[in-house]
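Colleague: Can you read through this structure? Questions will come right after.
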Amino acid sequence: MKGNKSPWSIVPQFFWNVIRSLMASPPKVEGLFTPMQSPHPIILLVDSWPAMLNIDAANASHCLVEEVVHYKRSRGKEHEFLCFRVSDATGSWKAFVFADRTVNMSDEDIAPSLSNKTPVLSNPSPSSFPSSTHCSPVLPTYDSIYAATESSAALGLLHADFFRDGHKAERTLAFDAHSARPSVVELASLLKVTSHHHAASYTLCKNQCYWFAATVYESLQQLFPRHRETIHSNKNGTYRRLEISMPNSAEDVCAAYHRERAAILARENEERERYEAVLRAAREEAREEGREEGRVEGREEGRAEERAAHQNKRAELAAREQEVLKLAERIAPQSRSAAAN
């Protein structure tokens, strides 16, 4: 019947679901990889992401950013966002992390989701776009990350959301595999600094999604210079081909990033020193207990030796008494014979 799907149309999806269910499980890095079958991506405010990654910091620090793509939607509000491809320590598992700036249009402080993320621009004409001297309204930001494992059900959901309304890659940074790539932990620090410490409010003509995507992208260029950049278009930072005036904040954000990373490393060193001090104290206590046990065992061994020596002495005395008795028995007949004579 016209308009009805053929039952055979679901066969490819069925086989893909079977294959996906047989795949090995992705690495257990909280805040980055999702189960293959789960349709739920990881969605967090960038302020919360470092703490989530810190749950398994040892593994997260070895997950590296391979590339970042700066995207722009070609229709509607021409929203701009970033997409990072991240590999695990072995390089065999990939995750994709989307990052963008939207606003919370609700009066309530609710967690970010795909349903409540809202770009602000509402199709103003170029002539009516606010100047740099009139940057109203000022709105609370929803600077968020959305992560999912490659080829997972959750990533399909993210693609459907971020790549609706058309999209185009504006530029790409590919980081050199033979030099220091940014780890996902370092990326989380950069996003947090950009959002929380530098510009925590959304303003239409200064700190909007264009500014956020450009600042993070250009800060990565400065912080990790061993990369290859590919320019696909020159439309980023524009709306209806009108260039959006916004501050160049990359240098300030990089300085704030270095301070943040230095503070994190200092805290990690303090924690490591405290742990090592506790470990040294435990080892010294164990050694002292061992020495005390040795002293107790030594005293017990000394007493055992004394008892053994005493028993040996008694045995010797008993043996001599037996010899004396035997000698007396041999002498007694001779003494009686001499007396009879």
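Chain labels run A, B, ... following the order of the structure tokens; each chain numbers its residues from 1, and ligands are numbered from 1 in the order shown.
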Which residues, written as JSON, numbers by chain, have at least one atom at most 12 Å from His227 (chain A), with only C-alpha atoms counted and residues fewer than 4 positions away on the same chain left out?

Modeller: {"A": [65, 66, 67, 68, 172, 173, 174, 175, 176, 177, 178, 179, 180, 181, 182, 217, 218, 220, 221, 222, 223]}

Colleague: Tell me which protein, DNA and RNA residues are within 7 Å of region 139-151 of chain A, counting only C-alpha atoms, leaving out same-chain ones fewer than 2 positions away, and put them as number ranges by chain.

Modeller: A: 32-34, 36, 41-46, 94-104, 112, 137, 153-155, 195, 200-203

Colleague: One number please: CA of Gln208 (chain A) to CA of Thr238 (chain A), in Å, one decimal.

Modeller: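 A separation of 11.7 Å between them.
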
Colleague: Within 12 Å of region 249-265 of chain A, which residues of region 20-86 of chain A show up? Give each one with its shortest atom-to-atom distance in Å (one decimal) and the two atoms involved, counting only C-alpha atoms, rows by chain then rising residue number, as CSV.

Modeller:
residue,atom,partner,partner_atom,distance
A:Pro50,CA,A:Ile264,CA,10.7
A:Ala51,CA,A:Ile264,CA,11.6
A:Asn54,CA,A:Ile264,CA,11.2
